[in-house]
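**Student:** So here's coords-v1.tsv (TSV, C-alpha atoms).
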chain	number	residue	atom	x	y	z
D	1	MET	CA	-53.26	37.33	8.16
D	2	GLU	CA	-51.61	40.08	10.22
D	3	ALA	CA	-49.11	40.73	7.43
D	4	TYR	CA	-51.94	40.94	4.92
D	5	ASN	CA	-53.86	43.40	7.06
D	6	GLU	CA	-50.76	45.56	7.54
D	7	GLU	CA	-50.12	45.64	3.79
D	8	LEU	CA	-53.77	46.47	3.11
D	9	ALA	CA	-53.67	49.31	5.65
D	10	ARG	CA	-50.49	50.67	4.02
D	11	LEU	CA	-52.07	50.69	0.58
D	12	VAL	CA	-55.19	52.42	1.86
D	13	ALA	CA	-53.10	55.05	3.67
D	14	GLU	CA	-51.13	55.69	0.48
D	15	ASP	CA	-54.36	55.96	-1.53
D	16	SER	CA	-52.97	53.33	-3.85
D	17	ASP	CA	-54.71	52.74	-7.16
D	18	CYS	CA	-54.00	48.99	-7.06
D	19	PHE	CA	-57.63	48.32	-6.15
D	20	ASP	CA	-58.73	49.68	-9.51
D	21	GLU	CA	-56.59	47.32	-11.52
D	22	GLU	CA	-58.55	44.75	-13.47
D	23	ASP	CA	-57.38	43.14	-16.67
D	24	GLU	CA	-59.57	42.64	-19.69
D	25	ALA	CA	-60.09	38.94	-19.00
D	26	GLU	CA	-61.47	39.68	-15.53
D	27	ARG	CA	-63.79	42.34	-16.90
D	28	GLN	CA	-65.09	40.03	-19.59
D	29	ALA	CA	-65.65	37.22	-17.08
D	30	ARG	CA	-67.56	39.55	-14.75
D	31	TRP	CA	-69.64	40.81	-17.66
D	32	ARG	CA	-70.55	37.25	-18.70
D	33	ARG	CA	-71.60	36.35	-15.15
D	34	SER	CA	-73.72	39.47	-14.87
D	35	LYS	CA	-75.33	38.92	-18.25
D	36	GLN	CA	-76.16	35.31	-17.42
D	37	ALA	CA	-77.70	36.31	-14.09
D	38	GLY	CA	-79.81	38.94	-15.84
D	39	LYS	CA	-81.09	36.44	-18.39
D	40	SER	CA	-82.03	33.98	-15.64
D	41	GLY	CA	-84.41	36.41	-13.96
D	42	ALA	CA	-84.80	38.56	-10.87
D	43	MET	CA	-84.12	35.78	-8.36
D	44	SER	CA	-80.78	34.99	-9.98
D	45	VAL	CA	-79.85	38.69	-9.96
D	46	HIS	CA	-80.73	39.03	-6.26
D	47	CYS	CA	-78.74	35.93	-5.30
D	48	SER	CA	-75.71	36.96	-7.35
D	49	PHE	CA	-75.75	40.43	-5.80
D	50	GLY	CA	-76.03	39.00	-2.30
D	51	LEU	CA	-73.10	36.66	-2.88
D	52	ALA	CA	-70.96	39.55	-4.13
D	53	GLN	CA	-71.87	41.73	-1.12
D	54	GLU	CA	-71.29	39.10	1.56
D	55	PRO	CA	-67.57	39.88	2.19
D	56	ALA	CA	-68.33	43.60	2.55
D	57	ALA	CA	-71.12	42.84	5.02
D	58	LEU	CA	-68.86	40.65	7.17
D	59	PHE	CA	-66.13	43.30	7.10
D	60	SER	CA	-68.66	45.95	8.20
D	61	LEU	CA	-69.84	43.74	11.05
D	62	MET	CA	-66.34	43.10	12.40
D	63	ALA	CA	-65.41	46.78	12.07
D	64	ALA	CA	-68.50	47.72	14.08
D	65	VAL	CA	-68.01	45.05	16.77
D	66	GLY	CA	-64.34	45.90	17.22
D	67	MET	CA	-63.35	42.68	19.03
D	68	GLY	CA	-63.46	38.94	18.71
D	69	GLU	CA	-63.32	37.14	15.39
D	70	CYS	CA	-65.66	35.89	12.72
D	71	LEU	CA	-65.07	32.26	11.82
D	72	GLU	CA	-65.71	30.97	8.32
D	73	VAL	CA	-67.62	27.68	8.43
D	74	GLY	CA	-68.82	25.16	5.90
D	75	LEU	CA	-71.63	22.69	6.50
D	76	CYS	CA	-72.43	22.12	10.17
D	77	PRO	CA	-74.24	18.75	10.33
D	78	LEU	CA	-76.89	18.08	12.96
D	79	ALA	CA	-75.80	15.17	15.14
D	80	LYS	CA	-78.91	13.11	15.94
D	81	GLU	CA	-77.45	12.07	19.27
D	82	SER	CA	-77.43	15.72	20.32
D	83	ILE	CA	-81.23	15.96	20.03
D	84	PRO	CA	-82.68	15.85	23.57
D	85	ARG	CA	-84.61	12.67	24.30
D	86	GLU	CA	-87.43	14.62	25.93
D	87	TRP	CA	-88.18	16.28	22.57
D	88	LYS	CA	-89.62	12.90	21.45
D	89	VAL	CA	-88.40	13.34	17.88
D	90	ASP	CA	-88.64	10.31	15.59
D	91	LYS	CA	-84.95	10.24	14.78
D	92	GLY	CA	-85.32	7.22	12.52
D	93	ASN	CA	-87.29	9.32	10.05
D	94	LEU	CA	-85.03	12.35	10.16
D	95	PRO	CA	-83.03	12.84	6.96
D	96	PRO	CA	-79.46	14.18	7.12
D	97	LEU	CA	-79.78	17.78	8.27
D	98	GLY	CA	-77.28	20.61	8.53
D	99	ALA	CA	-76.77	24.33	8.33
D	100	SER	CA	-74.26	26.64	6.69
D	101	PRO	CA	-74.28	30.09	8.30
D	102	ASP	CA	-72.37	32.93	6.71
D	103	GLY	CA	-70.10	33.07	9.74
D	104	LEU	CA	-69.72	32.49	13.48
D	105	LEU	CA	-69.00	35.59	15.53
D	106	THR	CA	-67.08	34.70	18.69
D	107	ILE	CA	-66.17	37.21	21.38
D	108	PRO	CA	-64.13	36.10	24.43
D	109	LEU	CA	-66.18	36.69	27.56
D	110	SER	CA	-63.05	38.14	29.16
D	111	ASP	CA	-62.97	40.87	26.49
D	112	LEU	CA	-66.55	41.97	27.07
D	113	GLY	CA	-65.49	43.52	30.37
D	114	ARG	CA	-63.39	46.10	28.53
D	115	ALA	CA	-66.05	46.83	25.93
D	116	GLU	CA	-67.33	50.38	26.19
D	117	GLU	CA	-70.82	50.96	27.52
D	118	GLY	CA	-73.17	51.23	24.55
D	119	SER	CA	-70.73	49.58	22.13
D	120	LEU	CA	-72.09	47.08	19.63
D	121	ALA	CA	-70.28	44.19	21.34
D	122	ARG	CA	-71.81	45.11	24.70
D	123	ARG	CA	-75.27	45.50	23.18
D	124	ILE	CA	-75.06	42.12	21.47
D	125	ALA	CA	-74.13	40.52	24.81
D	126	GLU	CA	-77.01	42.28	26.57
D	127	ALA	CA	-79.47	41.23	23.87
D	128	VAL	CA	-78.33	37.61	24.02
D	129	GLY	CA	-78.71	37.72	27.80
D	130	GLY	CA	-77.87	34.96	30.22
D	131	ASP	CA	-77.95	32.20	27.60
D	132	GLY	CA	-74.67	33.39	26.13
D	133	ALA	CA	-73.06	35.76	28.60
D	134	ALA	CA	-73.50	33.42	31.56
D	135	GLY	CA	-71.66	30.65	29.73
D	136	SER	CA	-74.47	28.09	29.91
D	137	ASP	CA	-74.08	26.95	26.29
D	138	ARG	CA	-71.19	24.89	24.97
D	139	TRP	CA	-69.50	27.97	23.49
D	140	GLY	CA	-69.85	29.85	26.77
D	141	LYS	CA	-68.24	27.00	28.65
D	142	ASP	CA	-65.19	27.53	26.45
D	143	GLY	CA	-65.18	31.20	27.44
D	144	ASN	CA	-66.82	32.69	24.35
D	145	LEU	CA	-69.99	34.48	23.40
D	146	CYS	CA	-71.01	32.98	20.06
D	147	CYS	CA	-73.60	34.13	17.53
D	148	VAL	CA	-74.26	32.69	14.10
D	149	VAL	CA	-74.24	35.34	11.38
D	150	GLU	CA	-76.76	35.34	8.54
D	151	ILE	CA	-76.49	38.07	5.90
D	152	LYS	CA	-79.43	39.10	3.77
D	153	SER	CA	-78.31	41.75	1.30
D	154	VAL	CA	-81.02	44.07	0.03
D	155	SER	CA	-80.87	43.99	-3.74
D	156	PRO	CA	-81.28	47.36	-5.51
D	157	PHE	CA	-82.30	45.67	-8.78
D	158	ARG	CA	-85.92	45.37	-9.87
D	159	GLU	CA	-87.11	43.67	-13.00
D	160	VAL	CA	-89.18	45.81	-15.33
D	161	VAL	CA	-91.77	43.69	-17.09
D	162	LYS	CA	-92.96	44.99	-20.46
D	163	ARG	CA	-95.08	43.25	-23.04
D	164	THR	CA	-95.88	43.77	-26.69
D	165	LYS	CA	-99.39	44.53	-27.90
D	166	SER	CA	-99.90	40.83	-28.54
D	167	GLY	CA	-99.01	40.08	-24.90
D	168	LYS	CA	-95.60	38.59	-25.60
D	169	ARG	CA	-92.99	39.39	-22.98
D	170	LYS	CA	-90.19	41.66	-24.09
D	171	LYS	CA	-86.51	41.25	-23.30
D	172	ARG	CA	-85.69	41.40	-19.60
D	173	ARG	CA	-84.80	44.83	-18.27
D	174	TYR	CA	-83.83	46.00	-14.79
D	175	LYS	CA	-83.88	49.28	-12.92
D	176	LEU	CA	-82.08	50.46	-9.80
D	177	ILE	CA	-83.84	51.61	-6.63
D	178	ASP	CA	-82.48	53.18	-3.45
D	179	ALA	CA	-83.07	50.09	-1.30
D	180	GLU	CA	-82.71	50.41	2.48
D	181	PRO	CA	-82.15	47.67	5.08
D	182	ARG	CA	-85.23	45.74	6.13
D	183	ASP	CA	-87.19	46.88	9.16
D	184	GLY	CA	-87.44	43.39	10.65
D	185	VAL	CA	-86.60	39.71	10.30
D	186	GLN	CA	-88.60	38.02	7.58
D	187	VAL	CA	-90.73	35.18	8.91
D	188	LEU	CA	-89.59	32.88	6.11
D	189	HIS	CA	-86.00	33.16	7.36
D	190	VAL	CA	-86.78	32.06	10.94
D	191	PRO	CA	-86.48	28.29	10.28
D	192	GLN	CA	-83.08	28.87	8.69
D	193	LEU	CA	-81.88	30.88	11.70
D	194	GLN	CA	-83.17	28.33	14.19
D	195	MET	CA	-81.50	25.49	12.27
D	196	HIS	CA	-78.24	27.46	12.28
D	197	MET	CA	-78.38	27.72	16.05
D	198	LEU	CA	-79.47	24.12	16.56
D	199	CYS	CA	-76.59	22.75	14.47
D	200	THR	CA	-73.88	25.01	15.91
D	201	GLY	CA	-75.06	25.21	19.52
D	202	ALA	CA	-74.97	29.02	19.42
D	203	PRO	CA	-77.46	30.74	21.77
D	204	ALA	CA	-78.33	33.50	19.29
D	205	ALA	CA	-78.16	34.61	15.68
D	206	LEU	CA	-77.26	37.96	14.17
D	207	TYR	CA	-79.57	38.65	11.25
D	208	MET	CA	-77.93	41.32	9.11
D	209	SER	CA	-79.93	43.25	6.56
D	210	PHE	CA	-77.20	44.85	4.46
D	211	SER	CA	-77.67	47.67	1.97
D	212	ALA	CA	-74.81	48.76	-0.27
D	213	GLY	CA	-76.02	52.37	-0.07
D	214	HIS	CA	-77.53	52.63	3.41
D	215	GLY	CA	-75.42	50.45	5.67
D	216	MET	CA	-76.78	47.65	7.82
D	217	ALA	CA	-79.45	46.82	10.35
D	218	ILE	CA	-78.67	43.99	12.79
D	219	TYR	CA	-81.29	41.97	14.63
D	220	VAL	CA	-80.67	39.45	17.41
D	221	VAL	CA	-82.77	36.29	17.29
D	222	LYS	CA	-82.39	33.96	20.26
D	223	ALA	CA	-82.50	30.17	20.07
D	224	ASP	CA	-85.99	28.83	20.72
D	225	LYS	CA	-85.91	25.19	21.85
D	226	PHE	CA	-89.67	24.84	21.52
D	227	TYR	CA	-89.56	26.05	17.91
D	228	GLN	CA	-86.62	23.77	17.13
D	229	ARG	CA	-88.42	20.74	18.57
D	230	CYS	CA	-91.54	21.44	16.49
D	231	MET	CA	-89.39	21.95	13.41
D	232	LEU	CA	-87.65	18.57	13.75
D	233	ARG	CA	-90.90	16.75	14.51
D	234	TRP	CA	-92.46	18.35	11.42
D	235	VAL	CA	-89.59	17.16	9.21
D	236	ALA	CA	-89.70	13.63	10.65
D	237	ARG	CA	-93.42	13.32	10.09
D	238	PHE	CA	-93.16	14.74	6.58
D	239	VAL	CA	-90.62	12.05	5.69
D	240	LYS	CA	-92.71	9.30	7.27
D	241	GLU	CA	-96.12	10.29	5.92
D	242	PHE	CA	-95.21	11.59	2.48
D	243	VAL	CA	-91.65	10.92	1.31
D	244	LYS	CA	-91.45	7.23	2.24
D	245	ARG	CA	-94.96	6.60	0.92
D	246	ASP	CA	-94.35	8.63	-2.24
D	247	VAL	CA	-97.51	10.64	-1.60
D	248	GLN	CA	-98.04	13.90	-3.50
D	249	VAL	CA	-100.36	16.50	-2.02
D	250	SER	CA	-100.93	20.22	-2.34
D	251	LEU	CA	-98.85	22.51	-0.13
D	252	LEU	CA	-101.98	23.78	1.61
D	253	LEU	CA	-103.19	20.29	2.54
D	254	LEU	CA	-99.67	19.36	3.60
D	255	ALA	CA	-99.49	22.32	5.98
D	256	VAL	CA	-102.87	21.50	7.51
D	257	VAL	CA	-102.13	17.80	8.01
D	258	LEU	CA	-98.64	18.21	9.44
D	259	ALA	CA	-99.55	21.14	11.69
D	260	SER	CA	-102.61	19.44	13.17
D	261	ASP	CA	-100.80	17.78	16.07
D	262	LEU	CA	-97.55	19.75	16.08
D	263	ALA	CA	-98.76	23.32	16.48
D	264	PRO	CA	-99.05	24.69	20.04
D	265	SER	CA	-102.25	26.09	21.37
D	266	PRO	CA	-102.76	29.87	20.91
D	267	SER	CA	-101.71	30.53	24.50
D	268	GLN	CA	-98.56	28.45	24.13
D	269	ALA	CA	-97.69	30.14	20.86
D	270	SER	CA	-98.18	33.55	22.42
D	271	SER	CA	-95.87	32.85	25.33
D	272	GLN	CA	-93.19	30.87	23.54
D	273	LEU	CA	-93.10	32.01	19.95
D	274	LEU	CA	-94.79	35.37	19.68
D	275	ALA	CA	-93.29	37.26	22.60
D	276	ARG	CA	-91.50	40.28	21.23
D	277	PRO	CA	-88.97	42.01	23.50
D	278	GLY	CA	-88.54	45.74	23.17
D	279	THR	CA	-85.69	47.18	21.17
D	280	VAL	CA	-82.38	47.65	22.92
D	281	PRO	CA	-82.34	51.08	24.62
D	282	GLY	CA	-80.17	53.77	23.13
D	283	LEU	CA	-80.24	52.48	19.60
D	284	PRO	CA	-81.85	54.13	16.59
D	285	GLY	CA	-85.15	52.62	15.56
D	286	PRO	CA	-85.52	50.45	12.46
D	287	HIS	CA	-85.66	52.11	9.08
D	288	GLN	CA	-88.95	53.30	7.68
D	289	GLU	CA	-90.88	50.94	5.49
D	290	HIS	CA	-89.88	51.09	1.85
D	291	ARG	CA	-91.78	49.29	-0.89
D	292	GLU	CA	-91.14	49.14	-4.58
D	293	GLU	CA	-93.86	48.14	-6.98
D	294	GLY	CA	-93.06	45.45	-9.48
D	295	GLU	CA	-94.07	42.03	-10.64
D	296	ASN	CA	-91.08	40.17	-9.33
D	297	GLY	CA	-90.09	40.24	-5.69
D	298	GLY	CA	-87.53	37.79	-4.41
D	299	PRO	CA	-85.01	38.47	-1.67
D	300	GLY	CA	-84.76	42.15	-0.95
D	301	ALA	CA	-87.74	42.98	-3.14
D	302	ALA	CA	-89.90	44.72	-0.56
D	303	HIS	CA	-89.65	45.80	3.01
D	304	GLY	CA	-92.09	45.32	5.81
D	305	ASP	CA	-93.03	41.76	4.77
D	306	GLY	CA	-93.60	40.78	8.41
D	307	GLU	CA	-91.29	40.57	11.38
D	308	ALA	CA	-90.27	37.46	13.26
D	309	GLN	CA	-91.09	37.54	16.93
D	310	GLY	CA	-88.40	37.29	19.57
D	311	GLN	CA	-86.02	39.62	17.77
D	312	GLN	CA	-84.18	42.64	19.10
D	313	THR	CA	-82.90	45.48	17.00
D	314	ILE	CA	-79.20	46.16	17.48
D	315	SER	CA	-78.24	48.73	14.87
Using structure tokens, write down the structure from this file.
**Tutor:**
Amino acid sequence: MEAYNEELARLVAEDSDCFDEEDEAERQARWRRSKQAGKSGAMSVHCSFGLAQEPAALFSLMAAVGMGECLEVGLCPLAKESIPREWKVDKGNLPPLGASPDGLLTIPLSDLGRAEEGSLARRIAEAVGGDGAAGSDRWGKDGNLCCVVEIKSVSPFREVVKRTKSGKRKKRRYKLIDAEPRDGVQVLHVPQLQMHMLCTGAPAALYMSFSAGHGMAIYVVKADKFYQRCMLRWVARFVKEFVKRDVQVSLLLLAVVLASDLAPSPSQASSQLLARPGTVPGLPGPHQEHREEGENGGPGAAHGDGEAQGQQTIS
């Protein structure tokens, strides 16, 4: 890896044109993938774009942190024996569960002492707080501050829907917009982040909203044991009441039935799930809201869709 990095640095310093080399076969293959994604619809385009941007986002994160390493991980299974007994989760009805974060950022606690005041590494540690920096989690006991990394690239593509006079839909077309990073963590991504942390044992998650044209915004979401317990109990009851009985119900009725005895009271929710810490001092505020009209949304389609509570803005 060191040799590769040295060679890459040499080529960049020499302004080498090797990065522009691409044979005809590669161009044709890329064109076919792009064309197929476009035919499949806006969601396929957004997902394909996000997959292509993921390496650049991870590189940007590590360049900004300046220390530690980002580990590539596959599927991290949830070990049922690791679920606390006091959570009273029906483990017998839990299906195999796991998480696959985009990366695991680990920073040796010994290195944080030399991190400059106001640096991104120091701000991440301060945002995580005692859960990570004090070494109370299993990663901290090994001398590391660990955060799962989840990248959500903001897609600049929007589908333009046009119809003929008879109402028939015309061929799919797309336009480009100047998409900026999101101004908060989307609520629909919170279960994914909490499952990442539950499966890996990390005390916090870095939620990266990455824009190819406007850089990145990073939000810290801390592990919430109460949320994780409710999440597992919800899954176990869903399997017991619906999957094993082969019962089909509407999503609305399902939500009402399953939430009836799992949801906390308003006061509990306010204190445990809805508490929103202030942003980290000294950092620029989140980007202004940016919305783009269009029929199809999907990941990165609009900003300001609602922020998850318990997050802190890092950059």
**Student:** Box time for stretch 27-32 of chain D: axis-aligned, enclosing all its listed atoms, 8 Å extra on each side; report centre and edge lengths in Å to one decimal, as AutoDock Vina command-line options.
**Tutor:**
--center_x -67.2 --center_y 39.8 --center_z -17.2 --size_x 22.8 --size_y 21.1 --size_z 20.8
**Student:** When you look at D:Ile83 with a cut-off of 10 Å (counting only C-alpha atoms), what residues show up, excluding the ones that are within fewer than 5 positions of it in the same chain? I need them as a list in words.
**Tutor:** Leu78, Lys88, Val89, Lys91, Leu198, Cys199, Gln228, Arg229 and Leu232 of chain D
**Student:** Name the residues, using the chain letters and numbers of the file, that sit within 6 Å of (-80.0, 50.9, 7.3) when counting all atoms listed in the file, and give them as a list in words.
**Tutor:** Glu180, Pro181, His214, Gly215, Met216 and Ala217 of chain D
**Student:** Dump C-alpha atoms for the selected residues as a tab-separated table (two decimals), keeping the file's coordinate frame?
**Tutor:**
chain	number	residue	atom	x	y	z
D	180	GLU	CA	-82.71	50.41	2.48
D	181	PRO	CA	-82.15	47.67	5.08
D	214	HIS	CA	-77.53	52.63	3.41
D	215	GLY	CA	-75.42	50.45	5.67
D	216	MET	CA	-76.78	47.65	7.82
D	217	ALA	CA	-79.45	46.82	10.35
**Student:** Which residue is closest to D:Val45? Choose from D:His196, D:Arg182, D:Arg138, D:Arg172 and count all atoms listed in the file.
**Tutor:**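 Comparing D:His196, D:Arg182, D:Arg138, D:Arg172 against D:Val45, the winner is D:Arg172.
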**Student:** Any idea what's packed within 9 Å of D:Lys152, counting all atoms listed in the file, ignoring anything in its chain fewer than 2 positions away? Could you give it as a PyMOL selection string?
**Tutor:** chain D and resi 50+54+150+154+207-211+299-300
**Student:** From the set D:Lys175, D:Lys222, D:Arg123, D:His189, which residue has the shortest atom-to-atom contact distance to D:Ile151, counting all atoms listed in the file?
**Tutor:**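 Going through D:Lys175, D:Lys222, D:Arg123, D:His189 one by one, the smallest distance to D:Ile151 is for D:His189.
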**Student:** Between D:Pro101, D:Phe157, D:Cys147, D:Gly74, which one has atoms that come closest to D:Ala127, using only C-alpha atoms?
**Tutor:** D:Cys147
**Student:** Of the residues D:Ala202, D:Val187, D:Ile177, D:Ala115, which is the one nearest to D:Leu145, using only C-alpha atoms?
**Tutor:**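 Among D:Ala202, D:Val187, D:Ile177, D:Ala115, it is D:Ala202 that comes nearest to D:Leu145.
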**Student:** Using only C-alpha atoms, find the one residue out of D:Val160, D:Ala236, D:Val65, D:Leu75 that sits nearest to D:Ile218.
**Tutor:**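 Smallest distance to D:Ile218 is found for D:Val65.
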**Student:** Could you please determine the separation between atom CA of D:Asp183 and atom CA of D:Lys225 in Å, to one decimal place?
**Tutor:**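 Taking atom CA of D:Asp183 as the start and atom CA of D:Lys225 as the end point, the length is 25.2 Å.
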**Student:** Which residues are close to D:Asp90, i.e. within 7 Å by all atoms listed in the file, leaving aside same-chain residues fewer than 3 positions away? Reply as a list in words.
**Tutor:**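 Result of the neighbour search: Asn93, Leu94, Arg233 and Ala236 of chain D.
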**Student:** Just the number, please: distance in Å from atom CA of D:Ser100 to atom CA of D:Met43, one decimal.
**Tutor:** 20.2 Å
**Student:** For atom CA of D:Ser44 and atom CA of D:Leu176, determine how far apart the two atoms are, in Å to one decimal place.
**Tutor:**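 Rounded to one decimal, the two atoms are 15.5 Å apart.
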**Student:** So which residues touch D:Leu104 within 6 Å, counting all atoms listed in the file, skipping near sequence neighbours fewer than 3 positions away, as a list in words?
**Tutor:**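 With the cut-off at 6 Å, the set is Cys70, Leu71, Cys147, Val148 and Val149 of chain D.
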**Student:** Looking at D:Thr106, D:Ser166, D:Gln186, D:Ser82, which one is nearest to D:Gly66, with distances taken over all atoms listed in the file?
**Tutor:**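 Result for the nearest residue to D:Gly66: D:Thr106.
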